[in-house]
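K.L.:
I am attaching a structure below and will ask some questions about it afterwards.
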Number of protein chains: 2
Amino acid sequence: MAQTQAERKAETRARLLAAGADLFADHGIDGVSVDAVAEAAGRTSGAVYAHFGSKQGLLLAVLDAWKESVLTVLFAEVAITDSPLGQLAAVWDNIGDNPGTDSDRWSLLEHELWLRAARDPEVASALRARDAEARRRSGQELSRWASKVGVEPVADPDALATLVKALLTGLEMQRRIEPDSVSGDLAVIGLAALMGMTSPPSPSTSSGPDASRSKPATLPSTSDPSSDPTPTLQTSTHRER
Amino acid sequence: MAQTQAERKAETRARLLAAGADLFADHGIDGVSVDAVAEAAGRTSGAVYAHFGSKQGLLLAVLDAWKESVLTVLFAEVAITDSPLGQLAAVWDNIGDNPGTDSDRWSLLEHELWLRAARDPEVASALRARDAEARRRSGQELSRWASKVGVEPVADPDALATLVKALLTGLEMQRRIEPDSVSGDLAVIGLAALMGMTSPPSPSTSSGPDASRSKPATLPSTSDPSSDPTPTLQTSTHRER
DNA sequence: CCGGTTGCATAGGATCCGTTACATATGTAG
DNA sequence: CTACATATGTAACGGATCCTATGCAACCGG
């Protein structure tokens with residue numbers, strides 16, 4: 001119908017990016033051919049090369065379009081929740097995404113990108129840029145949160161963000177291989193330890209020196225009825241049609 | 001030369017495994033052809049299929065031959081060191097292996113295997129078996145160590161091992177992308193937090209409960225002169241020739 | 001209404017890879 | 001010494017993939 005060329009081009013580009021993200025996440029980058037991406041987008045391989053020049057170009061574009069939405073959604077998610085540990089649980093729900101959600105598939109793509117970055121400097125710098133900003137923003141958020149709750153994390157904001165992300169990433173990996181070995185509360189326990197909360201392994205048996213600070217003393221279960229309304233992660237996948 | 005057929009067979013098998021591990025680690029599994037592995041082993045692709053049936057078979061065999069040596073070397077390393085935090089540092093040196101060492105390349109292969117396991121049940125079960133035993137042994141070791149040092153970890157042995165490995169894995173990943181963001185001591189700080197050590201800002205000056213905790217990152221440096229005699233990880237790579 | 005431009009389709013080339021079927025040589029048993 | 005078994009080399013097939021070259025139809029400005 002009445003569609004200017006710029007619109008047509010933009011839609012094709014968006015479709016290719018969405019299809020690329022979807023297929024790459026599901027089958028791995030090497031497991032998806034350029035033609036498959038084009039077909040899933042309702043186009044042909046010619047469009048891919050007209051837009052991105054190469055398969056690698058498409059990959060980098062997917063990564064670039066992806067990075068912002070992931071960050072913004074994550075922080076929006078955390079900002080909504082308010083209970084002290086519920087926020088930690090919310091972080092875990094997004095980063096260490098529970099199976100079944102969309103982010104579950106995407107974490108695989110994220111790992112594949114990481115793996116590629118280890119050997120391809122171009123991908124590496126793209127990831128580096130995103131990670132640097134994520135760490136900066138996470139660090140601010142975490143230390144702000146810590147002072148509000150009244151705990152003393154084990155490291156300065158930047159290093160703390162590194163530790164937190166490292167723990168969550170590692171836990172997510174282990175749950176992928178052995179789901180039972182990573183209980184839902186385990187992430188919260190670990191995060192609490194990094195945040196400087198004295199976490200009693202067996203509840204109410206700590207009897208530590210000053211266990212009665214304001215709130216952070218005991219860890220409630222991660223069940224947090226007020227944290228779930230927000231939808232799961234969404235980038236531009238499945239835009240329309 | 002006087003070489004019985006069994007010997008010849010065993011040697012080529014060993015060579016193929018070593019070459020496979022080497023090349024897979026360096027260039028990625030999909031980046032290495034069967035012929036390349038065979039050539040690096042001084043054989044041809046026919047030998048690969050006679051021994052392992054397929055490229056995947058070779059991969060599983062490499063993983064299998066690999067798993068034991070990694071575990072044994074790690075625990076030997078930890079057993080040697082004796083200072084409380086030096087052992088944590090030794091763990092980090094081996095799992096989160098510092099760049100330049102051989103284990104550095106292998107961690108890439110490990111991640112690639114993990115990624116493959118997420119989509120291939122056969123690889124998954126192979127990894128699961130190894131991880132389960134590693135966690136079991138690590139848990140024992142960690143809790144034993146904790147009670148000897150006199151600290152109270154934040155979780156029971158099995159869960160603690162999960163947390164520790166998760167943290168180390170995640171840190172290693174982040175250092176791969178941004179080396180400067182993961183200082184040498186950061187791993188020790190994080191591990192100490194998980195082990196329930198209240199990081200002492202300055203030892204023997206533990207007077208103020210929270211006055212001088214502005215710099216909680218003052219654990220003793222990881223420099224541990226007595227931990228280095230053992231060589232880096234070694235499988236059967238580069239046997240002879 | 002029209003030449004030029006743009007966006008994408010189509011077809012094909014060139015390469016590479018996993019796998020297999022067969023050939024060869026070396027060891028081994030009788 | 002002979003005849004078989006086995007380990008490995010050799011060569012080729014079938015398929016998949018990335019990318020290029022070219023064509024065509026829709027849009028744009030005048």
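Quick note on naming: the chains in the structure tokens go A, B, ... in the order shown, residues restart at 1 in each chain, and ligands are numbered from 1 in order of appearance.
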Per residue of chain B within 12 Å of chain C, what are the shortest atom pair and its distance in Å to one decimal, counting only C-alpha atoms (C1' of nucleotides), with rows by chain and residue number, as JSON lines?
P.N.:
{"residue": "B:Met1", "atom": "CA", "partner": "C:DT26", "partner_atom": "C1'", "distance": 11.0}
{"residue": "B:Ala2", "atom": "CA", "partner": "C:DG27", "partner_atom": "C1'", "distance": 10.0}
{"residue": "B:Gln3", "atom": "CA", "partner": "C:DG27", "partner_atom": "C1'", "distance": 8.8}
{"residue": "B:Thr4", "atom": "CA", "partner": "C:DG27", "partner_atom": "C1'", "distance": 7.0}
{"residue": "B:Gln5", "atom": "CA", "partner": "C:DG27", "partner_atom": "C1'", "distance": 6.3}
{"residue": "B:Ala6", "atom": "CA", "partner": "C:DG27", "partner_atom": "C1'", "distance": 9.8}
{"residue": "B:Glu7", "atom": "CA", "partner": "C:DG27", "partner_atom": "C1'", "distance": 11.2}
{"residue": "B:Arg8", "atom": "CA", "partner": "C:DG27", "partner_atom": "C1'", "distance": 10.3}
{"residue": "B:Lys9", "atom": "CA", "partner": "C:DG27", "partner_atom": "C1'", "distance": 11.8}
{"residue": "B:Asp30", "atom": "CA", "partner": "C:DC17", "partner_atom": "C1'", "distance": 10.0}
{"residue": "B:Gly31", "atom": "CA", "partner": "C:DC17", "partner_atom": "C1'", "distance": 10.6}
{"residue": "B:Val32", "atom": "CA", "partner": "C:DC17", "partner_atom": "C1'", "distance": 9.7}
{"residue": "B:Ser33", "atom": "CA", "partner": "C:DC17", "partner_atom": "C1'", "distance": 6.8}
{"residue": "B:Val34", "atom": "CA", "partner": "C:DG18", "partner_atom": "C1'", "distance": 7.7}
{"residue": "B:Asp35", "atom": "CA", "partner": "C:DC17", "partner_atom": "C1'", "distance": 9.1}
{"residue": "B:Ala36", "atom": "CA", "partner": "C:DC17", "partner_atom": "C1'", "distance": 10.9}
{"residue": "B:Ser45", "atom": "CA", "partner": "C:DT19", "partner_atom": "C1'", "distance": 9.9}
{"residue": "B:Gly46", "atom": "CA", "partner": "C:DT20", "partner_atom": "C1'", "distance": 9.8}
{"residue": "B:Val48", "atom": "CA", "partner": "C:DT19", "partner_atom": "C1'", "distance": 11.2}
{"residue": "B:Tyr49", "atom": "CA", "partner": "C:DT19", "partner_atom": "C1'", "distance": 8.7}
{"residue": "B:Ala50", "atom": "CA", "partner": "C:DT20", "partner_atom": "C1'", "distance": 11.5}
{"residue": "B:Gly53", "atom": "CA", "partner": "C:DT19", "partner_atom": "C1'", "distance": 9.7}
{"residue": "B:Ser54", "atom": "CA", "partner": "C:DT19", "partner_atom": "C1'", "distance": 8.2}
{"residue": "B:Lys55", "atom": "CA", "partner": "C:DG18", "partner_atom": "C1'", "distance": 7.9}
{"residue": "B:Gln56", "atom": "CA", "partner": "C:DG18", "partner_atom": "C1'", "distance": 10.6}
K.L.:
Choose the residue, out of B:Ile29, B:Ala40, B:Leu60, B:Leu17, that has the smallest atom-to-atom separation from chain A; count only C-alpha atoms.
P.N.:
B:Ile29
K.L.:
What is the atom CA of Val62 of chain B-atom CA of Ala18 of chain B distance in Å, reported with one decimal?
P.N.:
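Here the two named atoms are 7.8 Å from each other.
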K.L.:
One decimal, in Å: what's the spacing between atom CA of Ile177 of chain B and atom CA of Ala25 of chain B?
P.N.:
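One can read the atom CA of Ile177 of chain B to atom CA of Ala25 of chain B distance as 17.3 Å.
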K.L.:
Take atom CA of Ser138 of chain A and atom CA of Asp158 of chain A and report the distance between them in Å, one decimal.
P.N.:
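Computed distance, atom CA of Ser138 of chain A to atom CA of Asp158 of chain A, equals 8.0 Å.
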K.L.:
Identify, on the basis of only C-alpha atoms (C1' of nucleotides), every residue whose closest approach to Ala155 of chain B does not exceed 12 Å; exclude the query and any residue fewer than 3 positions from it along the same chain; express the result as a PyMOL selection string.
P.N.:
(chain A and resi 183+185-190+192-193+198-203) or (chain B and resi 139+142-143+146+151-152+158-164+193-196)
K.L.:
So that I have them on file, write out the residues from the current selection with C-alpha atoms, as a PDB file, in the first residue's frame.
P.N.:
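Here's the written file selection-v7.pdb:
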ATOM      1  CA  SER A 183      17.378 -23.206  44.222  1.00  0.00           C
ATOM      2  CA  ASP A 185      16.712 -18.645  47.212  1.00  0.00           C
ATOM      3  CA  LEU A 186      20.325 -19.416  46.504  1.00  0.00           C
ATOM      4  CA  ALA A 187      20.759 -16.345  44.373  1.00  0.00           C
ATOM      5  CA  VAL A 188      19.270 -14.181  47.072  1.00  0.00           C
ATOM      6  CA  ILE A 189      21.537 -15.679  49.697  1.00  0.00           C
ATOM      7  CA  GLY A 190      24.597 -15.036  47.598  1.00  0.00           C
ATOM      8  CA  ALA A 192      22.835 -10.763  50.310  1.00  0.00           C
ATOM      9  CA  ALA A 193      26.311 -11.902  51.267  1.00  0.00           C
ATOM     10  CA  THR A 198      24.529 -10.903  57.685  1.00  0.00           C
ATOM     11  CA  SER A 199      22.529 -13.750  56.330  1.00  0.00           C
ATOM     12  CA  PRO A 200      21.749 -16.516  58.794  1.00  0.00           C
ATOM     13  CA  PRO A 201      21.999 -19.853  56.998  1.00  0.00           C
ATOM     14  CA  SER A 202      19.587 -21.359  59.453  1.00  0.00           C
ATOM     15  CA  PRO A 203      17.018 -18.697  60.223  1.00  0.00           C
TER      16      PRO A 203
ATOM     17  CA  GLY B 139      31.572 -28.618  48.856  1.00  0.00           C
ATOM     18  CA  LEU B 142      35.074 -25.776  51.245  1.00  0.00           C
ATOM     19  CA  SER B 143      33.215 -26.620  54.420  1.00  0.00           C
ATOM     20  CA  ALA B 146      35.711 -23.120  56.611  1.00  0.00           C
ATOM     21  CA  VAL B 151      34.247 -19.003  59.644  1.00  0.00           C
ATOM     22  CA  GLU B 152      30.603 -19.596  58.954  1.00  0.00           C
ATOM     23  CA  ASP B 158      26.618 -28.106  48.306  1.00  0.00           C
ATOM     24  CA  ALA B 159      24.972 -24.735  47.839  1.00  0.00           C
ATOM     25  CA  LEU B 160      28.163 -23.018  48.884  1.00  0.00           C
ATOM     26  CA  ALA B 161      30.096 -24.822  46.206  1.00  0.00           C
ATOM     27  CA  THR B 162      27.514 -23.709  43.699  1.00  0.00           C
ATOM     28  CA  LEU B 163      27.847 -20.107  44.770  1.00  0.00           C
ATOM     29  CA  VAL B 164      31.614 -20.210  44.733  1.00  0.00           C
ATOM     30  CA  ALA B 193      32.016 -12.733  51.587  1.00  0.00           C
ATOM     31  CA  LEU B 194      30.518 -16.025  50.553  1.00  0.00           C
ATOM     32  CA  MET B 195      32.614 -17.834  53.112  1.00  0.00           C
ATOM     33  CA  GLY B 196      31.160 -15.663  55.818  1.00  0.00           C
TER      34      GLY B 196
END
K.L.:
Could you give me, as JSON lines, every chain D residue with an atom at most 8 Å from chain B, plus its closest atom pair and distance in Å to one decimal, counting only C-alpha atoms (C1' of nucleotides), rows ordered by chain then number?
P.N.:
{"residue": "D:DA7", "atom": "C1'", "partner": "B:Lys9", "partner_atom": "CA", "distance": 7.1}
{"residue": "D:DT8", "atom": "C1'", "partner": "B:Ala47", "partner_atom": "CA", "distance": 5.9}
{"residue": "D:DG9", "atom": "C1'", "partner": "B:Thr44", "partner_atom": "CA", "distance": 6.9}
K.L.:
Taking into account only C-alpha atoms, which residue in the set A:Gln87, A:Gln140, A:Ser69, A:Gln174 is nearest to chain B?
P.N.:
A:Gln174
K.L.:
Once you count only C-alpha atoms, what closest atom pair and distance in Å to one decimal does each residue of chain B within 6 Å of chain A have, with rows by chain and rising residue number, as CSV?
P.N.:
residue,atom,partner,partner_atom,distance
B:Val154,CA,A:Pro201,CA,5.5
B:Ala155,CA,A:Pro201,CA,5.5
B:Ala166,CA,A:Gly170,CA,3.7
B:Leu167,CA,A:Leu167,CA,4.2
B:Thr169,CA,A:Gly170,CA,5.5
B:Gly170,CA,A:Ala166,CA,3.7
B:Leu171,CA,A:Ala166,CA,5.0
B:Ala193,CA,A:Ala193,CA,5.8
B:Leu194,CA,A:Ala193,CA,5.9
B:Pro216,CA,A:Val154,CA,5.8
B:Ala217,CA,A:Ala155,CA,5.8
